[in-house]
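See structure below.
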Amino acid sequence: MTKIASLLLLRVSLGGLLLVWGVNKILNVDHSRAIAENFYSGVLASGTLLPLAGAGQILIGLLVIIGLARRWVYPLQLLLNGASLLAVSASVIDPWGWFLEGTNVLFYPSLIIFAGSLVVMAFREEDRFALDARHRTRPASWVARRNCGS
């Protein structure tokens with residue numbers, strides 16, 4: 001049960017992070033624009049594109065949280081979290097700025113978020129609480145015993 005509960009907590013927290021980032025793009029456009037300009041070379045820095053990107057991020061976050069369409073949503077989540085990791089990679093390599101300028105130790109968790117995205121993908125079949133989880137069929141030996149009256 002510990003593995004199943006851990007996967008649920010990881011899935012909900014990763015989806016929640018996407019949800020928070022998406023809502024921020026809609027409600028706090030100026031802040032999101034500053035982030036896009038500082039870390040993403042201005043990609044999506046438009047006041048029109050940010051809310052649309054935010055809506056997409058909210059949708060992906062909600063799907064991750066409930067565990068629906070994981071086969072397609074998890075790679076999208078990995079792509080989004082991977083882009084964030086790349087954007088702050090200097091802070092992951094040198095969190096205290098000993099060798100690289102402009103780094104910040106607060107960005108180091110981007111690596112952990114990316115790793116968590118890989119974990120939920122790797123153990124997708126073991127996440128029993130996801131909405132699209134398939135119920136395991138009973139082993140053939142159990143079915144045979146039951147059909148034979150044993």
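Residue names in the structure tokens use chain letters A, B, ... in the order shown, residue numbers from 1 in each chain, and ligand numbers from 1 in the order shown.
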For segment 100-103 of chain A, list every protein, DNA or RNA residue within 12 Å, evaluated using only C-alpha atoms, and leave out those in the same chain fewer than 5 positions away; present the list as a PyMOL selection string.
-> chain A and resi 38-39+87-95+108
Deliver the residues from the most recent selection as a file, using C-alpha atoms, as a CSV table (one decimal), in the first residue's frame.
chain,number,residue,atom,x,y,z
A,38,ASN,CA,14.0,36.0,-17.8
A,39,PHE,CA,14.1,32.3,-18.1
A,87,ALA,CA,15.7,27.0,-18.2
A,88,VAL,CA,17.3,27.0,-14.7
A,89,SER,CA,20.0,24.4,-15.3
A,90,ALA,CA,22.8,26.7,-14.3
A,91,SER,CA,21.1,26.8,-10.8
A,92,VAL,CA,21.0,23.0,-10.7
A,93,ILE,CA,24.7,22.7,-11.7
A,94,ASP,CA,25.9,25.5,-9.4
A,95,PRO,CA,23.1,26.3,-6.9
A,108,TYR,CA,17.4,23.2,-7.5
Write out as a PDB file with N, CA, C and O atoms, in the first residue's frame each polymer residue whose atoms come within 8 Å of Pro75 of chain A, counting only C-alpha atoms; drop sequence neighbours fewer than 4 positions from it.
ATOM      1  N   ARG A  71      -1.079   8.071 -20.526  1.00  0.00           N
ATOM      2  CA  ARG A  71      -0.164   7.677 -21.611  1.00  0.00           C
ATOM      3  C   ARG A  71       0.283   8.889 -22.423  1.00  0.00           C
ATOM      4  O   ARG A  71       1.388   8.931 -22.940  1.00  0.00           O
ATOM      5  N   LEU A  79       7.745  17.008 -20.576  1.00  0.00           N
ATOM      6  CA  LEU A  79       8.238  18.052 -21.478  1.00  0.00           C
ATOM      7  C   LEU A  79       8.202  19.426 -20.795  1.00  0.00           C
ATOM      8  O   LEU A  79       9.179  20.181 -20.853  1.00  0.00           O
ATOM      9  N   MET A 121       5.915   8.210 -14.580  1.00  0.00           N
ATOM     10  CA  MET A 121       5.852   7.542 -15.887  1.00  0.00           C
ATOM     11  C   MET A 121       6.306   6.088 -15.775  1.00  0.00           C
ATOM     12  O   MET A 121       5.673   5.181 -16.324  1.00  0.00           O
TER      13      MET A 121
END
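The closest residue to Glu125 of chain A, picked from A:Leu85, A:Arg70, A:Ala34, A:Leu50 and counting only C-alpha atoms, is A:Arg70.
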All residues 9 Å or closer to Leu59 of chain A, only C-alpha atoms, same chain fewer than 5 positions away omitted, as a ChimeraX atom specification = /A:18-19,22,54,64
Any chance you can output those residues with C-alpha atoms as a compact mmCIF listing (two decimals), in the first residue's frame?
# COMPACT_ATOMS: atom_id res chain seq x y z
CA LEU A 18 1.21 22.43 -13.10
CA LEU A 19 -2.16 23.68 -11.91
CA GLY A 22 -1.22 27.55 -15.06
CA GLY A 54 -2.01 28.71 -18.61
CA VAL A 64 -2.35 14.37 -14.02
Please indicate the distance in Å from atom CA of Leu14 of chain A to atom CA of Ile113 of chain A, rounded to one decimal place.
-> 7.3 Å
Once DSSP has gone over the backbone, tell me which residues of segment 3-127 of chain A are in helix (DSSP H, G or I), as a CSV table (one decimal) with N, CA, C and O atoms, in the first residue's frame.
chain,number,residue,atom,x,y,z
A,3,LYS,N,3.6,1.9,-1.7
A,3,LYS,CA,4.0,2.3,-3.0
A,3,LYS,C,2.8,3.0,-3.7
A,3,LYS,O,3.0,4.0,-4.4
A,4,ILE,N,1.6,2.4,-3.6
A,4,ILE,CA,0.4,3.0,-4.2
A,4,ILE,C,0.1,4.4,-3.7
A,4,ILE,O,-0.2,5.3,-4.4
A,5,ALA,N,0.2,4.5,-2.4
A,5,ALA,CA,0.0,5.9,-1.7
A,5,ALA,C,1.0,6.9,-2.1
A,5,ALA,O,0.7,8.0,-2.4
A,6,SER,N,2.3,6.4,-2.2
A,6,SER,CA,3.4,7.3,-2.7
A,6,SER,C,3.2,7.8,-4.1
A,6,SER,O,3.4,9.0,-4.4
A,7,LEU,N,2.8,6.9,-5.0
A,7,LEU,CA,2.5,7.3,-6.4
A,7,LEU,C,1.3,8.2,-6.4
A,7,LEU,O,1.4,9.2,-7.2
A,8,LEU,N,0.3,8.0,-5.6
A,8,LEU,CA,-0.8,8.9,-5.6
A,8,LEU,C,-0.4,10.3,-5.2
A,8,LEU,O,-0.7,11.3,-5.8
A,9,LEU,N,0.4,10.4,-4.1
A,9,LEU,CA,0.9,11.7,-3.6
A,9,LEU,C,1.8,12.4,-4.6
A,9,LEU,O,1.7,13.6,-4.8
A,10,LEU,N,2.7,11.6,-5.2
A,10,LEU,CA,3.6,12.2,-6.2
A,10,LEU,C,2.8,12.7,-7.4
A,10,LEU,O,3.0,13.8,-7.9
A,11,ARG,N,1.8,11.9,-7.9
A,11,ARG,CA,1.0,12.3,-9.0
A,11,ARG,C,0.2,13.6,-8.7
A,11,ARG,O,0.1,14.5,-9.5
A,12,VAL,N,-0.5,13.6,-7.5
A,12,VAL,CA,-1.3,14.8,-7.2
A,12,VAL,C,-0.4,16.0,-7.0
A,12,VAL,O,-0.8,17.1,-7.4
A,13,SER,N,0.8,15.9,-6.4
A,13,SER,CA,1.6,17.0,-6.2
A,13,SER,C,2.2,17.5,-7.5
A,13,SER,O,2.3,18.8,-7.7
A,14,LEU,N,2.6,16.7,-8.4
A,14,LEU,CA,3.1,17.1,-9.7
A,14,LEU,C,2.0,17.8,-10.5
A,14,LEU,O,2.2,18.8,-11.1
A,15,GLY,N,0.8,17.2,-10.5
A,15,GLY,CA,-0.3,17.8,-11.2
A,15,GLY,C,-0.7,19.2,-10.6
A,15,GLY,O,-1.0,20.1,-11.2
A,16,GLY,N,-0.6,19.2,-9.2
A,16,GLY,CA,-0.9,20.5,-8.5
A,16,GLY,C,0.1,21.6,-8.9
A,16,GLY,O,-0.3,22.7,-9.0
A,17,LEU,N,1.3,21.2,-9.1
A,17,LEU,CA,2.3,22.2,-9.5
A,17,LEU,C,2.0,22.8,-10.8
A,17,LEU,O,2.0,24.0,-11.0
A,18,LEU,N,1.6,21.9,-11.8
A,18,LEU,CA,1.2,22.4,-13.1
A,18,LEU,C,0.0,23.3,-13.0
A,18,LEU,O,-0.2,24.3,-13.7
A,19,LEU,N,-0.9,22.9,-12.1
A,19,LEU,CA,-2.2,23.7,-11.9
A,19,LEU,C,-1.8,25.1,-11.4
A,19,LEU,O,-2.3,26.1,-11.9
A,20,VAL,N,-1.0,25.2,-10.4
A,20,VAL,CA,-0.6,26.4,-9.8
A,20,VAL,C,0.1,27.3,-10.9
A,20,VAL,O,-0.2,28.5,-11.0
A,21,TRP,N,1.0,26.7,-11.6
A,21,TRP,CA,1.7,27.5,-12.7
A,21,TRP,C,0.7,28.0,-13.7
A,21,TRP,O,0.9,29.1,-14.2
A,22,GLY,N,-0.2,27.2,-14.1
A,22,GLY,CA,-1.2,27.5,-15.1
A,22,GLY,C,-2.1,28.7,-14.6
A,22,GLY,O,-2.4,29.6,-15.3
A,23,VAL,N,-2.6,28.6,-13.3
A,23,VAL,CA,-3.4,29.6,-12.8
A,23,VAL,C,-2.6,30.9,-12.7
A,23,VAL,O,-3.2,32.0,-13.0
A,24,ASN,N,-1.4,30.8,-12.3
A,24,ASN,CA,-0.5,32.0,-12.3
A,24,ASN,C,-0.4,32.7,-13.6
A,24,ASN,O,-0.4,34.0,-13.7
A,25,LYS,N,-0.4,32.0,-14.7
A,25,LYS,CA,-0.3,32.6,-16.0
A,25,LYS,C,-1.5,33.3,-16.4
A,25,LYS,O,-1.5,34.3,-17.1
A,26,ILE,N,-2.7,32.9,-15.8
A,26,ILE,CA,-3.9,33.6,-16.1
A,26,ILE,C,-4.2,34.8,-15.1
A,26,ILE,O,-4.6,35.9,-15.6
A,27,LEU,N,-3.9,34.6,-13.9
A,27,LEU,CA,-4.2,35.6,-12.9
A,27,LEU,C,-3.1,36.6,-12.7
A,27,LEU,O,-3.4,37.7,-12.2
A,29,VAL,N,-0.5,37.8,-15.0
A,29,VAL,CA,0.2,37.9,-16.3
A,29,VAL,C,1.5,38.6,-16.3
A,29,VAL,O,2.5,38.2,-16.9
A,30,ASP,N,1.6,39.7,-15.5
A,30,ASP,CA,2.8,40.4,-15.5
A,30,ASP,C,4.0,39.6,-14.9
A,30,ASP,O,5.1,39.6,-15.4
A,31,HIS,N,3.7,38.9,-13.8
A,31,HIS,CA,4.7,38.0,-13.2
A,31,HIS,C,5.1,36.9,-14.2
A,31,HIS,O,6.3,36.6,-14.3
A,32,SER,N,4.1,36.3,-14.8
A,32,SER,CA,4.4,35.2,-15.8
A,32,SER,C,5.2,35.8,-17.0
A,32,SER,O,6.1,35.1,-17.5
A,33,ARG,N,4.9,37.0,-17.4
A,33,ARG,CA,5.7,37.6,-18.5
A,33,ARG,C,7.1,37.8,-18.1
A,33,ARG,O,8.0,37.5,-18.9
A,34,ALA,N,7.3,38.3,-16.9
A,34,ALA,CA,8.7,38.5,-16.4
A,34,ALA,C,9.5,37.1,-16.3
A,34,ALA,O,10.6,37.1,-16.7
A,35,ILE,N,8.8,36.1,-15.9
A,35,ILE,CA,9.4,34.8,-15.8
A,35,ILE,C,9.8,34.3,-17.3
A,35,ILE,O,10.9,33.8,-17.5
A,36,ALA,N,8.8,34.5,-18.2
A,36,ALA,CA,9.1,34.1,-19.6
A,36,ALA,C,10.3,34.8,-20.2
A,36,ALA,O,11.1,34.3,-20.9
A,37,GLU,N,10.3,36.1,-19.9
A,37,GLU,CA,11.4,36.9,-20.4
A,37,GLU,C,12.8,36.6,-19.8
A,37,GLU,O,13.8,36.5,-20.5
A,38,ASN,N,12.8,36.3,-18.5
A,38,ASN,CA,14.0,36.0,-17.8
A,38,ASN,C,14.6,34.6,-18.0
A,38,ASN,O,15.8,34.5,-18.2
A,39,PHE,N,13.7,33.7,-18.1
A,39,PHE,CA,14.1,32.3,-18.1
A,39,PHE,C,13.9,31.5,-19.4
A,39,PHE,O,14.5,30.5,-19.7
A,49,LEU,N,-0.8,35.1,-25.3
A,49,LEU,CA,-0.4,33.7,-25.2
A,49,LEU,C,-0.3,33.1,-23.8
A,49,LEU,O,-0.6,31.9,-23.6
A,50,LEU,N,0.1,33.9,-22.9
A,50,LEU,CA,0.2,33.4,-21.5
A,50,LEU,C,-1.1,32.8,-20.9
A,50,LEU,O,-1.0,31.7,-20.4
A,51,PRO,N,-2.2,33.5,-21.0
A,51,PRO,CA,-3.4,32.8,-20.5
A,51,PRO,C,-3.8,31.6,-21.3
A,51,PRO,O,-4.3,30.6,-20.6
A,52,LEU,N,-3.5,31.5,-22.6
A,52,LEU,CA,-3.8,30.3,-23.3
A,52,LEU,C,-2.9,29.1,-22.9
A,52,LEU,O,-3.4,28.0,-22.7
A,53,ALA,N,-1.6,29.5,-22.7
A,53,ALA,CA,-0.7,28.5,-22.2
A,53,ALA,C,-1.1,28.0,-20.8
A,53,ALA,O,-1.0,26.9,-20.4
A,54,GLY,N,-1.6,29.0,-20.0
A,54,GLY,CA,-2.0,28.7,-18.6
A,54,GLY,C,-3.2,27.8,-18.6
A,54,GLY,O,-3.2,26.8,-17.8
A,55,ALA,N,-4.1,28.0,-19.5
A,55,ALA,CA,-5.3,27.1,-19.6
A,55,ALA,C,-4.9,25.7,-20.0
A,55,ALA,O,-5.4,24.7,-19.4
A,56,GLY,N,-3.9,25.6,-20.9
A,56,GLY,CA,-3.4,24.3,-21.3
A,56,GLY,C,-2.7,23.6,-20.1
A,56,GLY,O,-2.9,22.4,-19.9
A,57,GLN,N,-1.9,24.4,-19.4
A,57,GLN,CA,-1.2,23.8,-18.2
A,57,GLN,C,-2.2,23.4,-17.1
A,57,GLN,O,-2.0,22.4,-16.5
A,58,ILE,N,-3.3,24.1,-16.9
A,58,ILE,CA,-4.3,23.7,-16.0
A,58,ILE,C,-4.9,22.4,-16.4
A,58,ILE,O,-5.1,21.5,-15.6
A,59,LEU,N,-5.2,22.3,-17.7
A,59,LEU,CA,-5.8,21.0,-18.2
A,59,LEU,C,-4.9,19.9,-17.9
A,59,LEU,O,-5.3,18.8,-17.4
A,60,ILE,N,-3.6,20.0,-18.3
A,60,ILE,CA,-2.7,18.9,-18.1
A,60,ILE,C,-2.6,18.6,-16.6
A,60,ILE,O,-2.6,17.5,-16.2
A,61,GLY,N,-2.5,19.7,-15.8
A,61,GLY,CA,-2.4,19.5,-14.3
A,61,GLY,C,-3.6,18.7,-13.8
A,61,GLY,O,-3.4,17.8,-13.0
A,62,LEU,N,-4.8,19.1,-14.2
A,62,LEU,CA,-6.0,18.4,-13.7
A,62,LEU,C,-6.0,16.9,-14.2
A,62,LEU,O,-6.3,16.0,-13.4
A,63,LEU,N,-5.6,16.7,-15.4
A,63,LEU,CA,-5.5,15.3,-15.9
A,63,LEU,C,-4.5,14.4,-15.1
A,63,LEU,O,-4.7,13.3,-14.9
A,64,VAL,N,-3.4,15.1,-14.8
A,64,VAL,CA,-2.3,14.4,-14.0
A,64,VAL,C,-2.9,14.1,-12.6
A,64,VAL,O,-2.8,12.9,-12.1
A,65,ILE,N,-3.5,15.0,-12.0
A,65,ILE,CA,-4.1,14.8,-10.7
A,65,ILE,C,-5.1,13.7,-10.6
A,65,ILE,O,-5.0,12.8,-9.7
A,66,ILE,N,-6.0,13.6,-11.5
A,66,ILE,CA,-7.0,12.6,-11.5
A,66,ILE,C,-6.5,11.3,-12.2
A,66,ILE,O,-7.2,10.2,-12.0
A,70,ARG,N,-3.1,9.2,-19.0
A,70,ARG,CA,-1.7,9.3,-18.5
A,70,ARG,C,-0.7,8.9,-19.6
A,70,ARG,O,0.4,9.4,-19.6
A,71,ARG,N,-1.1,8.1,-20.5
A,71,ARG,CA,-0.2,7.7,-21.6
A,71,ARG,C,0.3,8.9,-22.4
A,71,ARG,O,1.4,8.9,-22.9
A,72,TRP,N,-0.6,9.9,-22.6
A,72,TRP,CA,-0.3,11.1,-23.3
A,72,TRP,C,0.1,12.3,-22.4
A,72,TRP,O,0.9,13.1,-22.8
A,73,VAL,N,-0.5,12.3,-21.3
A,73,VAL,CA,-0.4,13.5,-20.4
A,73,VAL,C,1.0,13.4,-19.7
A,73,VAL,O,1.6,14.5,-19.5
A,74,TYR,N,1.4,12.3,-19.3
A,74,TYR,CA,2.7,12.2,-18.6
A,74,TYR,C,3.9,12.7,-19.5
A,74,TYR,O,4.8,13.4,-19.0
A,75,PRO,N,4.0,12.3,-20.8
A,75,PRO,CA,5.0,12.9,-21.6
A,75,PRO,C,4.9,14.4,-21.7
A,75,PRO,O,6.0,15.1,-21.8
A,76,LEU,N,3.7,14.9,-21.8
A,76,LEU,CA,3.5,16.4,-21.8
A,76,LEU,C,4.0,17.0,-20.5
A,76,LEU,O,4.7,18.1,-20.6
A,77,GLN,N,3.7,16.4,-19.4
A,77,GLN,CA,4.2,16.9,-18.1
A,77,GLN,C,5.7,16.9,-18.1
A,77,GLN,O,6.4,17.8,-17.6
A,78,LEU,N,6.3,15.8,-18.6
A,78,LEU,CA,7.7,15.6,-18.6
A,78,LEU,C,8.4,16.7,-19.5
A,78,LEU,O,9.4,17.3,-19.1
A,79,LEU,N,7.7,17.0,-20.6
A,79,LEU,CA,8.2,18.1,-21.5
A,79,LEU,C,8.2,19.4,-20.8
A,79,LEU,O,9.2,20.2,-20.9
A,80,LEU,N,7.1,19.7,-20.1
A,80,LEU,CA,7.0,21.0,-19.4
A,80,LEU,C,8.0,21.1,-18.3
A,80,LEU,O,8.7,22.2,-18.2
A,81,ASN,N,8.1,20.1,-17.5
A,81,ASN,CA,9.0,20.1,-16.4
A,81,ASN,C,10.5,20.1,-16.9
A,81,ASN,O,11.4,20.6,-16.3
A,82,GLY,N,10.7,19.4,-18.0
A,82,GLY,CA,12.1,19.4,-18.6
A,82,GLY,C,12.5,20.7,-19.1
A,82,GLY,O,13.6,21.2,-19.0
A,83,ALA,N,11.5,21.5,-19.7
A,83,ALA,CA,11.8,22.8,-20.2
A,83,ALA,C,12.1,23.7,-19.0
A,83,ALA,O,13.1,24.5,-19.1
A,84,SER,N,11.4,23.6,-17.9
A,84,SER,CA,11.7,24.4,-16.7
A,84,SER,C,13.1,24.0,-16.2
A,84,SER,O,13.9,24.9,-15.8
A,85,LEU,N,13.4,22.7,-16.2
A,85,LEU,CA,14.8,22.3,-15.7
A,85,LEU,C,15.9,22.9,-16.6
A,85,LEU,O,16.9,23.4,-16.1
A,86,LEU,N,15.7,22.8,-17.9
A,86,LEU,CA,16.7,23.4,-18.8
A,86,LEU,C,16.8,24.9,-18.6
A,86,LEU,O,17.9,25.5,-18.6
A,87,ALA,N,15.7,25.6,-18.3
A,87,ALA,CA,15.7,27.0,-18.2
A,87,ALA,C,16.5,27.5,-16.9
A,87,ALA,O,17.1,28.5,-16.9
A,89,SER,N,18.9,25.4,-15.5
A,89,SER,CA,20.0,24.4,-15.3
A,89,SER,C,21.2,24.9,-14.7
A,89,SER,O,21.9,24.2,-13.9
A,90,ALA,N,21.6,26.1,-14.9
A,90,ALA,CA,22.8,26.7,-14.3
A,90,ALA,C,22.6,26.7,-12.7
A,90,ALA,O,23.6,26.4,-12.0
A,91,SER,N,21.4,26.9,-12.3
A,91,SER,CA,21.1,26.8,-10.8
A,91,SER,C,21.2,25.4,-10.3
A,91,SER,O,21.4,25.2,-9.1
A,92,VAL,N,20.9,24.4,-11.1
A,92,VAL,CA,21.0,23.0,-10.7
A,92,VAL,C,22.5,22.6,-10.7
A,92,VAL,O,23.0,21.9,-9.7
A,93,ILE,N,23.3,23.1,-11.6
A,93,ILE,CA,24.7,22.7,-11.7
A,93,ILE,C,25.5,23.4,-10.6
A,93,ILE,O,26.4,22.9,-10.0
A,105,VAL,N,19.8,28.9,-5.5
A,105,VAL,CA,19.6,27.6,-4.9
A,105,VAL,C,18.1,27.2,-4.9
A,105,VAL,O,17.8,26.0,-4.8
A,106,LEU,N,17.2,28.2,-4.9
A,106,LEU,CA,15.7,27.9,-4.9
A,106,LEU,C,15.3,27.2,-6.1
A,106,LEU,O,14.2,26.6,-6.2
A,107,PHE,N,16.1,27.2,-7.2
A,107,PHE,CA,15.7,26.5,-8.4
A,107,PHE,C,16.2,25.0,-8.5
A,107,PHE,O,15.8,24.3,-9.4
A,109,PRO,N,15.2,22.4,-6.9
A,109,PRO,CA,14.1,21.4,-6.9
A,109,PRO,C,13.6,21.1,-8.3
A,109,PRO,O,12.8,20.1,-8.5
A,110,SER,N,13.9,21.9,-9.3
A,110,SER,CA,13.5,21.6,-10.6
A,110,SER,C,14.0,20.2,-11.1
A,110,SER,O,13.3,19.5,-11.8
A,111,LEU,N,15.1,19.9,-10.6
A,111,LEU,CA,15.7,18.5,-10.9
A,111,LEU,C,14.8,17.5,-10.2
A,111,LEU,O,14.5,16.4,-10.8
A,112,ILE,N,14.4,17.7,-9.0
A,112,ILE,CA,13.6,16.8,-8.3
A,112,ILE,C,12.2,16.6,-8.9
A,112,ILE,O,11.7,15.5,-9.0
A,113,ILE,N,11.6,17.7,-9.4
A,113,ILE,CA,10.4,17.7,-10.1
A,113,ILE,C,10.5,16.9,-11.4
A,113,ILE,O,9.6,16.1,-11.7
A,114,PHE,N,11.5,17.1,-12.1
A,114,PHE,CA,11.8,16.3,-13.3
A,114,PHE,C,11.9,14.8,-13.0
A,114,PHE,O,11.3,14.0,-13.7
A,115,ALA,N,12.7,14.5,-12.0
A,115,ALA,CA,12.8,13.1,-11.6
A,115,ALA,C,11.5,12.5,-11.1
A,115,ALA,O,11.2,11.4,-11.5
A,116,GLY,N,10.7,13.3,-10.4
A,116,GLY,CA,9.4,12.8,-10.0
A,116,GLY,C,8.5,12.5,-11.2
A,116,GLY,O,7.7,11.5,-11.3
A,117,SER,N,8.6,13.3,-12.3
A,117,SER,CA,7.8,13.1,-13.5
A,117,SER,C,8.3,11.8,-14.2
A,117,SER,O,7.4,11.1,-14.7
A,118,LEU,N,9.6,11.5,-14.1
A,118,LEU,CA,10.0,10.2,-14.6
A,118,LEU,C,9.5,9.0,-13.8
A,118,LEU,O,9.1,8.0,-14.4
A,119,VAL,N,9.5,9.2,-12.5
A,119,VAL,CA,9.0,8.1,-11.6
A,119,VAL,C,7.5,7.8,-11.9
A,119,VAL,O,7.2,6.6,-12.0
A,120,VAL,N,6.7,8.8,-12.0
A,120,VAL,CA,5.3,8.5,-12.3
A,120,VAL,C,5.1,7.8,-13.6
A,120,VAL,O,4.2,7.0,-13.8
A,121,MET,N,5.9,8.2,-14.6
A,121,MET,CA,5.9,7.5,-15.9
A,121,MET,C,6.3,6.1,-15.8
A,121,MET,O,5.7,5.2,-16.3
A,122,ALA,N,7.4,5.9,-15.1
A,122,ALA,CA,8.0,4.5,-15.0
A,122,ALA,C,7.1,3.6,-14.2
A,122,ALA,O,7.0,2.4,-14.5
A,124,ARG,N,3.7,3.9,-13.9
A,124,ARG,CA,2.3,4.2,-14.3
A,124,ARG,C,1.4,3.0,-14.1
A,124,ARG,O,0.3,3.2,-13.6
A,125,GLU,N,1.8,1.8,-14.5
A,125,GLU,CA,1.0,0.6,-14.4
A,125,GLU,C,0.7,0.2,-12.9
A,125,GLU,O,-0.2,-0.5,-12.7
A,126,GLU,N,1.5,0.7,-12.0
A,126,GLU,CA,1.3,0.3,-10.6
A,126,GLU,C,0.5,1.4,-9.8
A,126,GLU,O,0.2,1.1,-8.6
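Coordinates place atom CA of Gly42 of chain A at a distance of 25.4 Å from atom CA of Phe99 of chain A.
Rounded to one decimal, atom CA of Gly97 of chain A and atom CA of Ser41 of chain A lie 20.8 Å from each other.
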